[in-house]
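Data block for my_file12.csv (CSV, C-alpha atoms):
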```csv
chain,number,residue,atom,x,y,z
A,1,MET,CA,36.9,-1.6,46.5
A,2,LYS,CA,34.5,-3.5,44.2
A,3,THR,CA,34.4,-2.9,40.4
A,4,ARG,CA,33.5,-5.1,37.5
A,5,VAL,CA,37.1,-6.2,37.3
A,6,THR,CA,37.3,-7.4,40.9
A,7,GLU,CA,34.1,-9.3,40.3
A,8,LEU,CA,35.3,-10.8,37.0
A,9,LEU,CA,38.6,-11.9,38.5
A,10,GLY,CA,37.6,-12.7,42.0
A,11,ILE,CA,40.2,-10.4,43.6
A,12,GLU,CA,40.0,-8.0,46.5
A,13,TYR,CA,41.6,-4.9,45.0
A,14,PRO,CA,41.5,-3.7,41.4
A,15,ILE,CA,45.2,-3.8,41.0
A,16,ILE,CA,46.9,-6.0,38.4
A,17,GLN,CA,50.6,-6.5,38.1
A,18,GLY,CA,52.1,-6.2,34.6
A,19,GLY,CA,53.6,-9.2,32.8
A,20,MET,CA,57.1,-7.8,32.6
A,21,ALA,CA,59.6,-10.2,30.9
A,22,TRP,CA,62.1,-11.7,33.4
A,23,VAL,CA,60.6,-9.6,36.3
A,24,ALA,CA,57.2,-11.1,36.4
A,25,GLU,CA,58.1,-14.7,37.6
A,26,TYR,CA,56.3,-16.8,40.2
A,27,HIS,CA,57.6,-15.2,43.4
A,28,LEU,CA,56.3,-11.7,42.4
A,29,ALA,CA,53.0,-13.0,40.9
A,30,ALA,CA,52.2,-15.1,44.0
A,31,ALA,CA,53.0,-12.1,46.3
A,32,VAL,CA,50.7,-9.7,44.4
A,33,SER,CA,47.9,-12.3,44.4
A,34,ASN,CA,48.4,-13.0,48.1
A,35,ALA,CA,48.2,-9.2,48.8
A,36,GLY,CA,44.7,-9.1,47.1
A,37,GLY,CA,45.7,-8.0,43.6
A,38,LEU,CA,46.2,-10.1,40.5
A,39,GLY,CA,49.7,-11.4,40.0
A,40,ILE,CA,50.8,-12.2,36.5
A,41,ILE,CA,53.5,-14.5,35.2
A,42,GLY,CA,55.1,-12.9,32.2
A,43,ALA,CA,55.7,-15.7,29.7
A,44,ALA,CA,57.7,-13.4,27.4
A,45,SER,CA,59.8,-15.6,25.1
A,46,ALA,CA,60.1,-18.5,27.5
A,47,PRO,CA,59.5,-22.1,26.3
A,48,ALA,CA,56.1,-23.6,27.2
A,49,GLU,CA,57.5,-26.0,29.7
A,50,VAL,CA,59.2,-23.2,31.7
A,51,VAL,CA,55.8,-21.4,31.8
A,52,ARG,CA,54.2,-24.6,33.0
A,53,GLU,CA,56.7,-24.8,35.8
A,54,GLN,CA,56.2,-21.2,36.7
A,55,ILE,CA,52.5,-21.8,36.9
A,56,ARG,CA,52.9,-24.8,39.2
A,57,LYS,CA,55.3,-22.9,41.5
A,58,THR,CA,52.9,-20.0,41.7
A,59,LYS,CA,50.1,-22.4,42.8
A,60,GLU,CA,52.4,-23.7,45.6
A,61,LEU,CA,52.7,-20.2,47.0
A,62,THR,CA,49.1,-18.9,46.6
A,63,ASP,CA,45.6,-20.3,46.4
A,64,LYS,CA,44.3,-16.9,45.0
A,65,PRO,CA,43.7,-16.2,41.3
A,66,PHE,CA,46.6,-15.3,39.2
A,67,GLY,CA,47.2,-14.9,35.4
A,68,VAL,CA,49.7,-15.4,32.7
A,69,ASN,CA,50.7,-12.8,30.1
A,70,VAL,CA,51.3,-14.3,26.7
A,71,MET,CA,53.6,-12.3,24.4
A,72,LEU,CA,52.0,-13.1,21.0
A,73,MET,CA,55.2,-12.6,19.0
A,74,ASN,CA,56.8,-15.4,20.9
A,75,PRO,CA,57.5,-18.3,18.5
A,76,ASN,CA,56.3,-20.6,21.3
A,77,ALA,CA,53.0,-18.7,21.8
A,78,ASP,CA,50.8,-21.7,20.5
A,79,GLU,CA,52.3,-24.1,23.1
A,80,VAL,CA,52.1,-21.5,25.9
A,81,ALA,CA,48.4,-20.9,25.0
A,82,GLN,CA,47.8,-24.6,25.4
A,83,VAL,CA,49.7,-24.9,28.6
A,84,ILE,CA,47.5,-22.2,30.1
A,85,VAL,CA,44.5,-24.3,29.4
A,86,GLU,CA,46.1,-27.6,30.7
A,87,GLU,CA,47.2,-26.0,33.9
A,88,GLY,CA,43.8,-24.4,34.6
A,89,VAL,CA,45.0,-20.8,34.7
A,90,LYS,CA,42.0,-18.5,35.2
A,91,VAL,CA,43.2,-15.3,33.6
A,92,VAL,CA,45.3,-14.4,30.5
A,93,THR,CA,46.5,-11.0,29.4
A,94,THR,CA,48.1,-10.7,26.0
A,95,GLY,CA,50.6,-8.4,24.5
A,96,ALA,CA,52.3,-7.6,21.2
A,97,GLY,CA,49.6,-8.6,18.8
A,98,ASN,CA,46.2,-10.1,18.1
A,99,PRO,CA,45.1,-13.0,20.3
A,100,SER,CA,41.9,-13.9,18.3
A,101,LYS,CA,43.2,-17.3,17.2
A,102,TYR,CA,43.3,-18.5,20.8
A,103,MET,CA,40.1,-16.9,21.9
A,104,LYS,CA,37.8,-19.8,21.3
A,105,MET,CA,40.1,-22.3,23.1
A,106,TRP,CA,40.5,-20.1,26.1
A,107,LYS,CA,36.9,-19.1,26.4
A,108,GLU,CA,35.8,-22.8,26.2
A,109,ALA,CA,38.2,-23.5,29.1
A,110,GLY,CA,36.7,-20.7,31.2
A,111,VAL,CA,39.9,-18.5,31.0
A,112,LYS,CA,39.2,-14.8,31.3
A,113,VAL,CA,40.9,-13.1,28.4
A,114,ILE,CA,42.3,-9.5,28.8
A,115,PRO,CA,44.2,-8.2,25.8
A,116,VAL,CA,46.5,-5.2,26.3
A,117,VAL,CA,45.6,-2.6,23.7
A,118,ALA,CA,47.1,0.7,22.6
A,119,SER,CA,44.2,1.9,20.4
A,120,VAL,CA,40.4,2.3,20.3
A,121,ALA,CA,40.1,0.2,17.1
A,122,LEU,CA,41.9,-2.8,18.6
A,123,ALA,CA,39.9,-2.5,21.9
A,124,LYS,CA,36.6,-2.7,19.8
A,125,LEU,CA,37.8,-5.6,17.8
A,126,MET,CA,38.9,-7.4,21.0
A,127,GLU,CA,35.5,-6.8,22.6
A,128,ARG,CA,33.8,-8.3,19.6
A,129,ALA,CA,36.2,-11.3,19.5
A,130,GLY,CA,35.1,-12.1,23.1
A,131,ALA,CA,37.5,-10.4,25.4
A,132,ASP,CA,36.3,-10.1,29.0
A,133,ALA,CA,38.1,-6.7,29.6
A,134,VAL,CA,41.0,-4.8,28.0
A,135,VAL,CA,44.1,-3.1,29.4
A,136,ALA,CA,44.4,0.3,27.8
A,137,GLU,CA,48.1,0.9,28.0
A,138,GLY,CA,49.5,4.4,27.4
A,139,THR,CA,52.9,5.3,26.1
A,140,GLU,CA,54.2,6.1,29.6
A,141,SER,CA,54.6,2.4,30.3
A,142,GLY,CA,58.0,0.7,30.3
A,143,GLY,CA,59.0,-1.9,27.6
A,144,HIS,CA,57.1,-2.2,24.3
A,145,ILE,CA,54.7,0.7,23.9
A,146,GLY,CA,52.1,2.4,21.7
A,147,SER,CA,52.1,6.1,21.1
A,148,THR,CA,49.0,7.5,22.8
A,149,THR,CA,49.2,8.7,26.4
A,150,THR,CA,47.2,7.1,29.3
A,151,MET,CA,45.3,10.3,29.8
A,152,ALA,CA,44.1,10.4,26.2
A,153,LEU,CA,43.7,6.7,25.6
A,154,VAL,CA,41.8,5.5,28.6
A,155,PRO,CA,38.7,7.6,28.3
A,156,GLN,CA,38.5,7.0,24.6
A,157,VAL,CA,38.6,3.3,25.1
A,158,VAL,CA,36.1,3.5,28.0
A,159,ASP,CA,33.7,5.3,25.6
A,160,ALA,CA,34.2,2.8,22.8
A,161,VAL,CA,33.6,-0.5,24.6
A,162,ASN,CA,31.1,-2.0,27.1
A,163,ILE,CA,33.6,-4.4,28.8
A,164,PRO,CA,35.6,-3.1,31.7
A,165,VAL,CA,38.8,-1.1,31.0
A,166,ILE,CA,42.0,-1.4,33.0
A,167,ALA,CA,44.3,1.6,32.9
A,168,ALA,CA,48.1,1.1,32.5
A,169,GLY,CA,51.0,3.4,31.9
A,170,GLY,CA,52.3,6.0,34.3
A,171,ILE,CA,50.4,4.7,37.4
A,172,ALA,CA,52.4,4.1,40.6
A,173,ASP,CA,50.5,5.5,43.5
A,174,GLY,CA,47.1,6.3,44.9
A,175,ARG,CA,46.8,9.5,42.9
A,176,GLY,CA,47.4,7.6,39.6
A,177,PHE,CA,44.9,5.0,40.7
A,178,ALA,CA,42.3,7.6,41.6
A,179,ALA,CA,42.9,9.5,38.3
A,180,SER,CA,42.4,6.2,36.4
A,181,MET,CA,39.0,5.7,38.1
A,182,MET,CA,38.0,9.2,37.1
A,183,LEU,CA,38.9,8.5,33.5
A,184,GLY,CA,36.5,5.5,33.7
A,185,ALA,CA,38.8,2.7,34.3
A,186,GLU,CA,37.8,-0.1,36.7
A,187,ALA,CA,41.2,-1.3,37.6
A,188,VAL,CA,44.9,-0.4,37.1
A,189,GLN,CA,47.8,-2.4,35.9
A,190,MET,CA,51.2,-1.4,37.2
A,191,GLY,CA,54.7,-2.6,36.2
A,192,THR,CA,57.4,-0.4,37.4
A,193,ARG,CA,56.3,-0.1,41.0
A,194,PHE,CA,56.3,-3.9,41.2
A,195,CYS,CA,59.7,-4.2,39.6
A,196,VAL,CA,61.2,-3.0,42.9
A,197,ALA,CA,58.9,-5.0,45.1
A,198,GLU,CA,60.7,-6.9,47.9
A,199,GLU,CA,59.5,-10.2,46.5
A,200,ALA,CA,60.7,-9.5,42.9
A,201,ILE,CA,63.8,-11.6,42.3
A,202,THR,CA,65.3,-8.9,40.1
A,203,HIS,CA,69.0,-7.9,40.8
A,204,ASP,CA,69.5,-5.2,43.4
A,205,ASN,CA,71.2,-3.0,40.9
A,206,TYR,CA,68.1,-3.0,38.7
A,207,LYS,CA,65.9,-2.0,41.6
A,208,LEU,CA,68.4,0.7,42.6
A,209,ARG,CA,68.5,2.1,39.1
A,210,ILE,CA,64.7,2.5,39.1
A,211,ILE,CA,64.8,4.0,42.6
A,212,LYS,CA,67.5,6.5,41.6
A,213,ALA,CA,65.9,7.4,38.3
A,214,LYS,CA,65.0,11.0,37.6
A,215,ASP,CA,61.9,12.2,35.7
A,216,ILE,CA,63.9,12.9,32.5
A,217,ASP,CA,65.7,9.5,32.5
A,218,SER,CA,63.2,7.8,30.2
A,219,GLU,CA,64.2,7.0,26.6
A,220,VAL,CA,62.5,5.3,23.7
A,221,THR,CA,64.5,3.2,21.4
A,222,GLY,CA,63.4,1.6,18.1
A,223,LEU,CA,60.8,4.2,17.1
A,224,SER,CA,62.2,4.4,13.6
A,225,HIS,CA,61.6,0.7,12.9
A,226,GLY,CA,58.2,0.5,14.5
A,227,HIS,CA,59.0,-1.3,17.7
A,228,PRO,CA,59.4,1.4,20.3
A,229,VAL,CA,60.8,0.3,23.7
A,230,ARG,CA,60.8,2.5,26.8
A,231,GLN,CA,63.7,2.2,29.1
A,232,LEU,CA,66.0,4.2,31.4
A,233,ARG,CA,68.9,5.8,29.7
A,234,ASN,CA,72.4,4.4,30.0
A,235,ASN,CA,75.3,3.3,27.7
A,236,MET,CA,72.9,0.9,25.9
A,237,THR,CA,70.4,3.6,25.0
A,238,LYS,CA,73.1,6.0,24.0
A,239,GLU,CA,74.7,3.5,21.7
A,240,TYR,CA,71.4,2.3,20.3
A,241,LEU,CA,70.0,5.7,19.6
A,242,LYS,CA,73.2,6.8,17.9
A,243,LEU,CA,73.2,3.8,15.6
A,244,GLU,CA,69.5,4.2,15.0
A,245,LYS,CA,70.0,7.8,13.9
A,246,GLU,CA,72.7,6.6,11.5
A,247,GLY,CA,70.2,4.3,9.9
A,248,VAL,CA,71.7,1.0,11.0
A,249,PRO,CA,69.4,-1.8,9.9
A,250,MET,CA,67.0,-3.2,12.4
A,251,GLU,CA,68.6,-6.7,12.4
A,252,GLU,CA,71.9,-5.2,13.6
A,253,LEU,CA,70.2,-3.2,16.3
A,254,GLU,CA,68.4,-6.3,17.4
A,255,TYR,CA,71.7,-8.0,17.7
A,256,LEU,CA,72.9,-5.2,20.0
A,257,THR,CA,69.9,-5.9,22.4
A,258,LEU,CA,70.1,-9.6,22.3
A,259,GLY,CA,69.9,-10.8,25.9
A,260,SER,CA,70.3,-7.2,27.1
A,261,LEU,CA,67.1,-7.2,29.3
A,262,ARG,CA,68.3,-10.3,31.1
A,263,LYS,CA,71.7,-8.6,31.6
A,264,ALA,CA,70.1,-5.6,33.4
A,265,VAL,CA,67.3,-7.4,35.3
A,266,MET,CA,69.1,-10.6,36.4
A,267,ASP,CA,72.8,-9.9,36.1
A,268,GLY,CA,72.5,-6.3,37.4
A,269,ASP,CA,74.4,-4.6,34.5
A,270,THR,CA,72.4,-1.4,34.4
A,271,ILE,CA,75.1,0.4,32.3
A,272,ASN,CA,75.1,-1.9,29.3
A,273,GLY,CA,71.9,-3.8,29.8
A,274,THR,CA,68.3,-2.7,28.9
A,275,VAL,CA,66.7,-1.2,32.0
A,276,MET,CA,63.0,-1.3,31.0
A,277,ALA,CA,60.9,0.9,33.2
A,278,GLY,CA,58.1,3.4,32.8
A,279,GLN,CA,58.1,7.2,32.9
A,280,ILE,CA,56.9,6.9,36.5
A,281,ALA,CA,60.2,5.3,37.6
A,282,ALA,CA,61.3,8.5,39.3
A,283,MET,CA,58.3,8.3,41.6
A,284,VAL,CA,59.2,4.9,42.9
A,285,LYS,CA,61.3,5.5,45.9
A,286,GLU,CA,61.7,2.3,48.0
A,287,VAL,CA,61.7,-1.4,48.0
A,288,GLN,CA,58.5,-2.6,49.7
A,289,PRO,CA,56.6,-5.8,50.1
A,290,CYS,CA,53.7,-6.1,47.6
A,291,LYS,CA,51.2,-6.1,50.4
A,292,ASP,CA,52.5,-2.6,51.6
A,293,ILE,CA,52.5,-1.3,48.0
A,294,ILE,CA,48.9,-2.4,47.4
A,295,GLU,CA,47.5,-1.3,50.7
A,296,GLU,CA,49.2,2.1,50.5
A,297,ILE,CA,47.8,2.7,47.1
A,298,MET,CA,44.3,1.6,48.1
A,299,SER,CA,44.3,3.6,51.3
A,300,ASP,CA,45.4,6.8,49.4
A,301,ALA,CA,43.0,6.2,46.6
A,302,LYS,CA,40.0,5.7,48.8
A,303,LYS,CA,40.6,9.0,50.5
A,304,LEU,CA,40.9,10.8,47.2
A,305,LEU,CA,37.9,9.2,45.7
A,306,ASN,CA,35.9,9.3,48.9
A,307,ARG,CA,34.9,5.7,48.2
A,308,GLU,CA,35.3,2.3,49.8
B,1,MET,CA,35.5,-2.3,-5.6
B,2,LEU,CA,39.2,-1.7,-5.9
B,3,GLU,CA,38.7,2.1,-6.3
B,4,LYS,CA,36.5,2.2,-3.2
B,5,VAL,CA,39.1,0.2,-1.2
B,6,ILE,CA,41.9,2.5,-2.3
B,7,GLU,CA,39.8,5.5,-1.4
B,8,ILE,CA,39.3,4.2,2.1
B,9,VAL,CA,42.9,3.4,2.6
B,10,LYS,CA,43.9,6.9,1.4
B,11,GLU,CA,41.4,8.5,3.7
B,12,GLN,CA,42.4,6.4,6.7
B,13,LEU,CA,46.2,6.9,6.3
B,14,ASN,CA,45.9,10.5,5.1
B,15,VAL,CA,48.3,9.9,2.2
B,16,GLU,CA,48.5,11.0,-1.4
B,17,ALA,CA,50.6,8.1,-2.5
B,18,GLU,CA,50.0,6.1,-5.6
B,19,ILE,CA,48.0,3.1,-4.4
B,20,THR,CA,47.5,0.0,-6.5
B,21,ALA,CA,46.2,-3.6,-5.8
B,22,GLU,CA,49.9,-4.6,-5.3
B,23,SER,CA,50.5,-2.0,-2.6
B,24,ASN,CA,51.6,-3.7,0.6
B,25,PHE,CA,50.1,-2.1,3.7
B,26,LYS,CA,53.2,-2.5,5.8
B,27,GLU,CA,56.0,-2.1,3.3
B,28,ASP,CA,54.6,0.3,0.8
B,29,LEU,CA,52.2,2.3,2.8
B,30,GLY,CA,54.0,2.4,6.2
B,31,ALA,CA,50.9,1.1,8.0
B,32,ASP,CA,51.6,-0.6,11.4
B,33,SER,CA,49.4,-3.2,13.0
B,34,LEU,CA,47.3,-0.5,14.8
B,35,ASP,CA,46.7,1.4,11.5
B,36,LEU,CA,45.6,-1.9,9.9
B,37,PHE,CA,42.9,-2.4,12.6
B,38,GLU,CA,41.7,1.1,11.9
B,39,ILE,CA,41.5,0.5,8.2
B,40,VAL,CA,39.7,-2.8,8.8
B,41,MET,CA,37.0,-1.0,10.8
B,42,ALA,CA,36.5,1.5,8.0
B,43,PHE,CA,36.0,-1.4,5.5
B,44,GLU,CA,33.5,-3.0,7.8
B,45,GLU,CA,31.5,0.2,8.0
B,46,GLU,CA,31.6,0.8,4.3
B,47,PHE,CA,30.8,-2.7,3.1
B,48,GLY,CA,28.5,-3.6,5.9
B,49,THR,CA,30.4,-6.8,6.7
B,50,GLU,CA,32.3,-8.2,9.6
B,51,ILE,CA,36.0,-9.0,9.2
B,52,PRO,CA,37.1,-11.3,12.1
B,53,THR,CA,40.5,-10.3,13.4
B,54,GLU,CA,41.9,-13.8,12.8
B,55,ASP,CA,41.2,-13.3,9.0
B,56,LEU,CA,43.7,-10.4,9.0
B,57,GLU,CA,46.6,-12.7,8.8
B,58,SER,CA,45.8,-13.4,5.1
B,59,ILE,CA,45.7,-9.7,4.2
B,60,ALA,CA,49.0,-8.0,3.2
B,61,THR,CA,48.1,-6.0,0.2
B,62,VAL,CA,45.2,-3.8,-1.0
B,63,GLY,CA,44.4,-6.5,-3.6
B,64,ASP,CA,44.1,-9.1,-0.8
B,65,VAL,CA,41.3,-7.0,0.7
B,66,VAL,CA,39.5,-6.9,-2.6
B,67,ASN,CA,39.9,-10.7,-3.0
B,68,TYR,CA,38.8,-11.3,0.6
B,69,LEU,CA,35.7,-9.1,0.2
B,70,ASN,CA,34.8,-10.8,-3.1
B,71,ALA,CA,35.1,-14.2,-1.5
B,72,LYS,CA,32.7,-13.1,1.2
B,73,GLY,CA,30.2,-12.1,-1.6
B,74,VAL,CA,30.5,-8.4,-0.7
B,75,ASN,CA,29.7,-6.0,-3.6
```
Any chance you could give the structure as structure tokens?
Amino acid sequence: MKTRVTELLGIEYPIIQGGMAWVAEYHLAAAVSNAGGLGIIGAASAPAEVVREQIRKTKELTDKPFGVNVMLMNPNADEVAQVIVEEGVKVVTTGAGNPSKYMKMWKEAGVKVIPVVASVALAKLMERAGADAVVAEGTESGGHIGSTTTMALVPQVVDAVNIPVIAAGGIADGRGFAASMMLGAEAVQMGTRFCVAEEAITHDNYKLRIIKAKDIDSEVTGLSHGHPVRQLRNNMTKEYLKLEKEGVPMEELEYLTLGSLRKAVMDGDTINGTVMAGQIAAMVKEVQPCKDIIEEIMSDAKKLLNRE
Amino acid sequence: MLEKVIEIVKEQLNVEAEITAESNFKEDLGADSLDLFEIVMAFEEEFGTEIPTEDLESIATVGDVVNYLNAKGVN
């Protein structure tokens, strides 16, 4: 399926993998790219040299395009931004802030820049600053989220900008893909479905928790201090939400979650760790190779859209 | 200029609060980063100028906006 996004990125299918912290490392990114989508390395709060190593390892596993997600609140963001240029990465997505200060450097190096946005105003400002596309991410997504739903946000962003829009949040199958196209998106970004991909090096317990999730298992913590995070409910969310309700200061809450994502994703403690996943988690039913995930989605979507 | 800026901020945030040059967008007015982008676009429209997003880092209070616009020669 050809769209402006497949043309822009030189990929076969308009499916982009989210830059999930800890989950989106080189095995997963390379597998998604090899399957015809766009794999992404999530730089999260990693030091720049770790990101460089991840980029080099991805290159060993694939000769297809792949990207790096830069978390702009990362204190190392300046160095990570530089490493991306030095290593010749072709695509950058950005989250948690405003990437304008890196735009000139990236554009001069021929990097395609795709900010993740949660509002129309930010989408417009990013287009003006030189973004090649935007990911319009609805609140259904896992991890750090905005407040508008994918259904409401995507068409509004599509109307507001001329650059291509990539829909994200609550998309995990051919129906979600097709619906996104109907809303005017030209690609989708998926996180949760790829969290349980065979190639993801995440702990089996984490994959199993997503697979066993029910529709009402999704909780949002941190709304009261302006940094909402969507995750699956467990001891951690119960404790956090209780303290949050009591008005415990943000610093103390942050201490509670220090290293908790790693605990869930890598160590497999899905009871006390932070199990980030989107609202769509309950629809994700099995561990599959990235190739099967992408081909299944495209085949279903083509039938629904009656389009090649 | 200050009155106009305050008027726009009030309209964008839909608040009745007392707003002065010292009002901090985040701390006093409860505006998050998305609200700030919204307000900036309203300023651009009203004053017919472009405020590049990288300049936003220097803006924390309502007074900062006035100083910024004055420095750009906006009336």
Using only C-alpha atoms, I'd like a table of the residues in chain B that come within 12 Å of chain A; for each, show the closest atom pair and its distance in Å rounded to one decimal, ordered by chain and ascending number, as a tab-separated table.
```
residue	atom	partner	partner_atom	distance
B:Lys26	CA	A:Gly226	CA	10.5
B:Glu27	CA	A:His225	CA	11.5
B:Gly30	CA	A:Gly226	CA	9.5
B:Ala31	CA	A:Gly226	CA	9.8
B:Asp32	CA	A:Gly226	CA	7.4
B:Ser33	CA	A:Gly97	CA	7.9
B:Leu34	CA	A:Ser119	CA	6.8
B:Asp35	CA	A:Ala121	CA	8.7
B:Leu36	CA	A:Ala121	CA	9.3
B:Phe37	CA	A:Ala121	CA	5.9
B:Glu38	CA	A:Ala121	CA	5.5
B:Ile39	CA	A:Ala121	CA	9.0
B:Val40	CA	A:Ala121	CA	8.8
B:Met41	CA	A:Ala121	CA	7.1
B:Ala42	CA	A:Ala121	CA	9.9
B:Glu44	CA	A:Leu125	CA	11.2
B:Glu50	CA	A:Arg128	CA	10.1
B:Ile51	CA	A:Leu125	CA	9.4
B:Pro52	CA	A:Ala129	CA	7.5
B:Thr53	CA	A:Ser100	CA	6.2
B:Glu54	CA	A:Ser100	CA	5.5
B:Asp55	CA	A:Lys101	CA	9.3
B:Leu56	CA	A:Asn98	CA	9.4
B:Glu57	CA	A:Asn98	CA	9.7
```
Please list as a VMD selection string every residue within 7 Å of stretch 10-13 of chain A, counting all atoms listed in the file and excluding residues in the same chain fewer than 6 positions away. chain A and resid 1 36 to 38
Calculate how many Å separate atom CA of A:Leu183 from atom CA of A:Lys2, rounding to one decimal.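 Here the two named atoms are 16.7 Å from each other.
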Smallest atom-to-atom distance to A:Lys64: which of A:Ser33, A:Thr94, A:Asn76, A:Gln288, using all atoms listed in the file?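 Ranked by minimum distance to A:Lys64, first place goes to A:Ser33.
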Closest of B:Leu69, B:Val62, B:Val74, B:Leu2 to B:Glu22 - atom-to-atom distances counting only C-alpha atoms: B:Val62
Show me the residues around (50.0, -28.2, 37.0) - criterion: an atom at most 12 Å away, all atoms listed in the file counted - as number ranges by chain. A: 49-60, 83-89
